[in-house]
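Coordinates as given in start_24.pdb (PDB, C-alpha atoms):
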```pdb
ATOM      1  CA  MET Z   1    -257.064-142.890  32.715
ATOM      2  CA  ALA Z   2    -259.294-144.094  35.563
ATOM      3  CA  PRO Z   3    -257.981-146.663  38.032
ATOM      4  CA  THR Z   4    -258.905-150.288  37.430
ATOM      5  CA  ALA Z   5    -260.788-152.399  39.967
ATOM      6  CA  ILE Z   6    -257.528-154.021  41.059
ATOM      7  CA  GLU Z   7    -255.928-150.623  41.644
ATOM      8  CA  ARG Z   8    -258.964-149.436  43.575
ATOM      9  CA  LEU Z   9    -258.871-152.538  45.779
ATOM     10  CA  ALA Z  10    -255.120-152.247  46.322
ATOM     11  CA  GLY Z  11    -255.513-148.578  47.222
ATOM     12  CA  ALA Z  12    -258.352-149.435  49.592
ATOM     13  CA  VAL Z  13    -256.232-152.059  51.367
ATOM     14  CA  LEU Z  14    -253.377-149.568  51.743
ATOM     15  CA  ALA Z  15    -255.799-146.927  53.043
ATOM     16  CA  ALA Z  16    -257.273-149.389  55.548
ATOM     17  CA  GLU Z  17    -253.769-150.239  56.754
ATOM     18  CA  ALA Z  18    -253.040-146.522  57.158
ATOM     19  CA  VAL Z  19    -256.185-146.116  59.261
ATOM     20  CA  ALA Z  20    -255.203-149.143  61.348
ATOM     21  CA  LEU Z  21    -251.767-147.626  61.974
ATOM     22  CA  LEU Z  22    -253.408-144.352  63.014
ATOM     23  CA  ALA Z  23    -255.429-146.366  65.525
ATOM     24  CA  VAL Z  24    -252.157-147.810  66.835
ATOM     25  CA  VAL Z  25    -250.821-144.247  67.163
ATOM     26  CA  GLY Z  26    -253.878-143.386  69.261
ATOM     27  CA  TRP Z  27    -253.362-146.474  71.393
ATOM     28  CA  GLU Z  28    -249.695-145.558  71.920
ATOM     29  CA  ILE Z  29    -250.639-142.001  72.921
ATOM     30  CA  VAL Z  30    -253.182-143.300  75.437
ATOM     31  CA  ALA Z  31    -250.523-145.605  76.891
ATOM     32  CA  LEU Z  32    -248.037-142.730  77.118
ATOM     33  CA  VAL Z  33    -250.499-140.336  78.771
ATOM     34  CA  GLY Z  34    -251.744-143.080  81.088
ATOM     35  CA  GLY Z  35    -248.231-143.752  82.351
ATOM     36  CA  ASP Z  36    -248.176-147.259  80.910
ATOM     37  CA  THR Z  37    -244.702-146.827  79.433
ATOM     38  CA  ILE Z  38    -241.283-147.541  80.845
ATOM     39  CA  ASP Z  39    -239.226-145.089  78.771
ATOM     40  CA  VAL Z  40    -240.950-141.868  77.677
ATOM     41  CA  PRO Z  41    -238.425-140.828  74.975
ATOM     42  CA  SER Z  42    -238.634-144.265  73.359
ATOM     43  CA  SER Z  43    -242.423-144.128  73.503
ATOM     44  CA  VAL Z  44    -242.492-140.726  71.824
ATOM     45  CA  ALA Z  45    -240.089-141.962  69.134
ATOM     46  CA  LEU Z  46    -242.284-145.003  68.516
ATOM     47  CA  ILE Z  47    -245.356-142.779  68.207
ATOM     48  CA  VAL Z  48    -243.594-140.546  65.669
ATOM     49  CA  LEU Z  49    -242.314-143.492  63.621
ATOM     50  CA  THR Z  50    -245.733-145.150  63.633
ATOM     51  CA  ALA Z  51    -247.343-141.899  62.472
ATOM     52  CA  ILE Z  52    -244.770-141.598  59.676
ATOM     53  CA  GLY Z  53    -245.626-145.148  58.610
ATOM     54  CA  ALA Z  54    -249.342-144.288  58.550
ATOM     55  CA  VAL Z  55    -248.690-141.203  56.411
ATOM     56  CA  ALA Z  56    -246.526-143.267  54.040
ATOM     57  CA  LEU Z  57    -249.245-145.908  53.655
ATOM     58  CA  ALA Z  58    -251.814-143.182  52.971
ATOM     59  CA  ALA Z  59    -249.510-141.664  50.327
ATOM     60  CA  PHE Z  60    -249.067-145.090  48.715
ATOM     61  CA  ALA Z  61    -252.855-145.566  48.709
ATOM     62  CA  VAL Z  62    -253.435-142.248  46.948
ATOM     63  CA  SER Z  63    -250.690-142.871  44.402
ATOM     64  CA  VAL Z  64    -251.952-146.385  43.617
ATOM     65  CA  TRP Z  65    -255.405-144.907  43.075
ATOM     66  CA  ARG Z  66    -253.816-142.351  40.720
ATOM     67  CA  ARG Z  67    -251.877-145.105  38.908
ATOM     68  CA  VAL Z  68    -248.420-143.842  39.913
ATOM     69  CA  SER Z  69    -245.745-146.538  39.899
ATOM     70  CA  TRP Z  70    -243.854-145.431  43.035
ATOM     71  CA  GLY Z  71    -247.011-146.037  45.058
ATOM     72  CA  ARG Z  72    -247.234-149.627  43.887
ATOM     73  CA  SER Z  73    -243.571-150.331  44.610
ATOM     74  CA  GLY Z  74    -243.711-148.584  47.988
ATOM     75  CA  GLY Z  75    -246.898-150.468  48.798
ATOM     76  CA  ILE Z  76    -245.249-153.787  47.958
ATOM     77  CA  VAL Z  77    -242.344-152.987  50.286
ATOM     78  CA  ALA Z  78    -244.833-152.028  53.012
ATOM     79  CA  GLN Z  79    -246.654-155.346  52.580
ATOM     80  CA  LEU Z  80    -243.374-157.236  52.943
ATOM     81  CA  LEU Z  81    -242.651-155.301  56.146
ATOM     82  CA  ILE Z  82    -246.141-156.151  57.425
ATOM     83  CA  LEU Z  83    -245.476-159.834  56.709
ATOM     84  CA  ALA Z  84    -242.176-159.573  58.616
ATOM     85  CA  VAL Z  85    -244.068-158.157  61.600
ATOM     86  CA  ALA Z  86    -246.561-161.026  61.323
ATOM     87  CA  LEU Z  87    -243.698-163.521  61.351
ATOM     88  CA  GLY Z  88    -242.342-161.841  64.469
ATOM     89  CA  ALA Z  89    -245.772-162.099  66.100
ATOM     90  CA  ALA Z  90    -245.842-165.820  65.323
ATOM     91  CA  THR Z  91    -242.445-166.566  66.833
ATOM     92  CA  GLY Z  92    -240.521-165.779  69.980
ATOM     93  CA  GLN Z  93    -241.301-165.740  73.670
ATOM     94  CA  TYR Z  94    -244.670-163.967  73.350
ATOM     95  CA  ALA Z  95    -245.818-165.661  70.142
ATOM     96  CA  ASP Z  96    -249.530-165.482  69.358
ATOM     97  CA  ALA Z  97    -250.750-167.243  66.223
ATOM     98  CA  GLY Z  98    -254.055-165.345  66.191
ATOM     99  CA  THR Z  99    -252.331-161.982  66.199
ATOM    100  CA  ALA Z 100    -249.930-163.163  63.509
ATOM    101  CA  VAL Z 101    -252.817-164.208  61.265
ATOM    102  CA  LEU Z 102    -254.629-160.892  61.840
ATOM    103  CA  ILE Z 103    -251.499-159.053  60.758
ATOM    104  CA  ALA Z 104    -250.590-161.379  57.875
ATOM    105  CA  VAL Z 105    -253.948-161.575  56.070
ATOM    106  CA  PRO Z 106    -254.098-157.912  54.990
ATOM    107  CA  GLY Z 107    -250.403-158.083  54.120
ATOM    108  CA  VAL Z 108    -250.903-161.058  51.809
ATOM    109  CA  VAL Z 109    -254.048-159.589  50.240
ATOM    110  CA  GLY Z 110    -252.353-156.236  49.703
ATOM    111  CA  PHE Z 111    -249.251-157.876  48.255
ATOM    112  CA  VAL Z 112    -251.241-159.950  45.767
ATOM    113  CA  LEU Z 113    -253.345-156.962  44.701
ATOM    114  CA  LEU Z 114    -250.317-154.704  44.268
ATOM    115  CA  VAL Z 115    -248.419-157.276  42.213
ATOM    116  CA  ALA Z 116    -251.528-157.755  40.053
ATOM    117  CA  ALA Z 117    -251.855-153.979  39.638
ATOM    118  CA  THR Z 118    -248.186-153.758  38.662
ATOM    119  CA  ARG Z 119    -248.586-156.514  36.080
ATOM    120  CA  ARG Z 120    -251.686-154.826  34.681
ATOM    121  CA  ALA Z 121    -249.879-151.481  34.425
ATOM    122  CA  ALA Z 122    -247.009-153.175  32.572
ATOM    123  CA  ARG Z 123    -249.442-154.772  30.100
ATOM    124  CA  GLY Z 124    -251.060-151.365  29.573
ATOM    125  CA  ARG Z 125    -247.671-149.907  28.600
ATOM    126  CA  GLY Z 126    -246.870-152.864  26.386
ATOM    127  CA  ASP Z 127    -243.930-154.011  28.549
ATOM    128  CA  ALA Z 128    -245.289-157.459  29.328
TER     129      ALA Z 128
END
```

Would you write out, as structure tokens, the structure that this file holds?
Amino acid sequence: MAPTAIERLAGAVLAAEAVALLAVVGWEIVALVGGDTIDVPSSVALIVLTAIGAVALAAFAVSVWRRVSWGRSGGIVAQLLILAVALGAATGQYADAGTAVLIAVPGVVGFVLLVAATRRAARGRGDA
């Protein structure tokens, strides 16, 4: 069965987040090569973990597009993690409300779309 509009939108949000994380990986690599890091091993570890996160988001995007349930659940967890990062950006010594909003908006949109896609999939199976 073809993906619904909600699933396509949810997959697109996840794919856009994956691309954004890949951009962060590029930014981290430029900082590492440019000598703008204090601890090289920690910087390399952060680059690897960020790349793993980007690959995971891309996998969730593809699976949501294909209507696979683990992609929706993984995507929901990813959105909650994104919202936790946004909360961290809004609080603390270096808090910046603008950055927090830029991080939170895609997280909220993705969360709502993924929950809607999950509810629609449950109705399609007759569970709801």

How many Å separate CA of Ala16 (chain Z) from CA of Tyr94 (chain Z)?
26.2 Å

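Between CA of Val19 (chain Z) and CA of Gln93 (chain Z) the interatomic distance comes to 28.5 Å.
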
Do you know which residues lie at most 10 Å from (-248.1, -157.2, 43.4), with coordinates as in the file and all atoms listed in the file counted, and could you write them as a list in words?
Ala10, Arg72, Ser73, Gly75, Ile76, Val77, Gln79, Val108, Val109, Gly110, Phe111, Val112, Leu113, Leu114, Val115, Ala116, Ala117, Thr118, Arg119 and Arg120 of chain Z

Writing out the chosen residues with C-alpha atoms as a PDB file, in the frame of the given file:
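Output contents, as saved in result34.pdb:
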```pdb
ATOM      1  CA  ALA Z  10    -255.120-152.247  46.322  1.00  0.00           C
ATOM      2  CA  ARG Z  72    -247.234-149.627  43.887  1.00  0.00           C
ATOM      3  CA  SER Z  73    -243.571-150.331  44.610  1.00  0.00           C
ATOM      4  CA  GLY Z  75    -246.898-150.468  48.798  1.00  0.00           C
ATOM      5  CA  ILE Z  76    -245.249-153.787  47.958  1.00  0.00           C
ATOM      6  CA  VAL Z  77    -242.344-152.987  50.286  1.00  0.00           C
ATOM      7  CA  GLN Z  79    -246.654-155.346  52.580  1.00  0.00           C
ATOM      8  CA  VAL Z 108    -250.903-161.058  51.809  1.00  0.00           C
ATOM      9  CA  VAL Z 109    -254.048-159.589  50.240  1.00  0.00           C
ATOM     10  CA  GLY Z 110    -252.353-156.236  49.703  1.00  0.00           C
ATOM     11  CA  PHE Z 111    -249.251-157.876  48.255  1.00  0.00           C
ATOM     12  CA  VAL Z 112    -251.241-159.950  45.767  1.00  0.00           C
ATOM     13  CA  LEU Z 113    -253.345-156.962  44.701  1.00  0.00           C
ATOM     14  CA  LEU Z 114    -250.317-154.704  44.268  1.00  0.00           C
ATOM     15  CA  VAL Z 115    -248.419-157.276  42.213  1.00  0.00           C
ATOM     16  CA  ALA Z 116    -251.528-157.755  40.053  1.00  0.00           C
ATOM     17  CA  ALA Z 117    -251.855-153.979  39.638  1.00  0.00           C
ATOM     18  CA  THR Z 118    -248.186-153.758  38.662  1.00  0.00           C
ATOM     19  CA  ARG Z 119    -248.586-156.514  36.080  1.00  0.00           C
ATOM     20  CA  ARG Z 120    -251.686-154.826  34.681  1.00  0.00           C
TER      21      ARG Z 120
END
```

Would you kindly return, as a list in words, each protein, DNA or RNA residue with an atom no farther than 12 Å from any atom of Val68 (chain Z), considering all atoms listed in the file and excluding same-chain residues fewer than 5 positions away?
Met1, Ala2, Pro3, Glu7, Gly11, Ala59, Phe60, Ala61, Val62, Ser63, Ser73, Gly74, Gly75, Leu114, Ala117, Thr118, Ala121 and Ala122 of chain Z

Please evaluate the PyMOL selection byres ((chain Z and resi 25) around 9) against the structure above and give the resulting residues as a list in words.
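For this structure, the PyMOL selection byres ((chain Z and resi 25) around 9) captures Ala20, Leu21, Leu22, Ala23, Val24, Gly26, Trp27, Glu28, Ile29, Val30, Leu46, Ile47, Val48, Thr50, Ala51 and Ala54 of chain Z.
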
Could you pull the residues within 10 Å of Leu83 (chain Z), counting only C-alpha atoms, minus those fewer than 4 positions along the same chain, as a ChimeraX atom specification?
/Z:77-79,87-89,100-101,103-108,111

What does the structure give for the distance between CA of Leu81 (chain Z) and CA of Thr37 (chain Z), in Å to one decimal?
24.9 Å
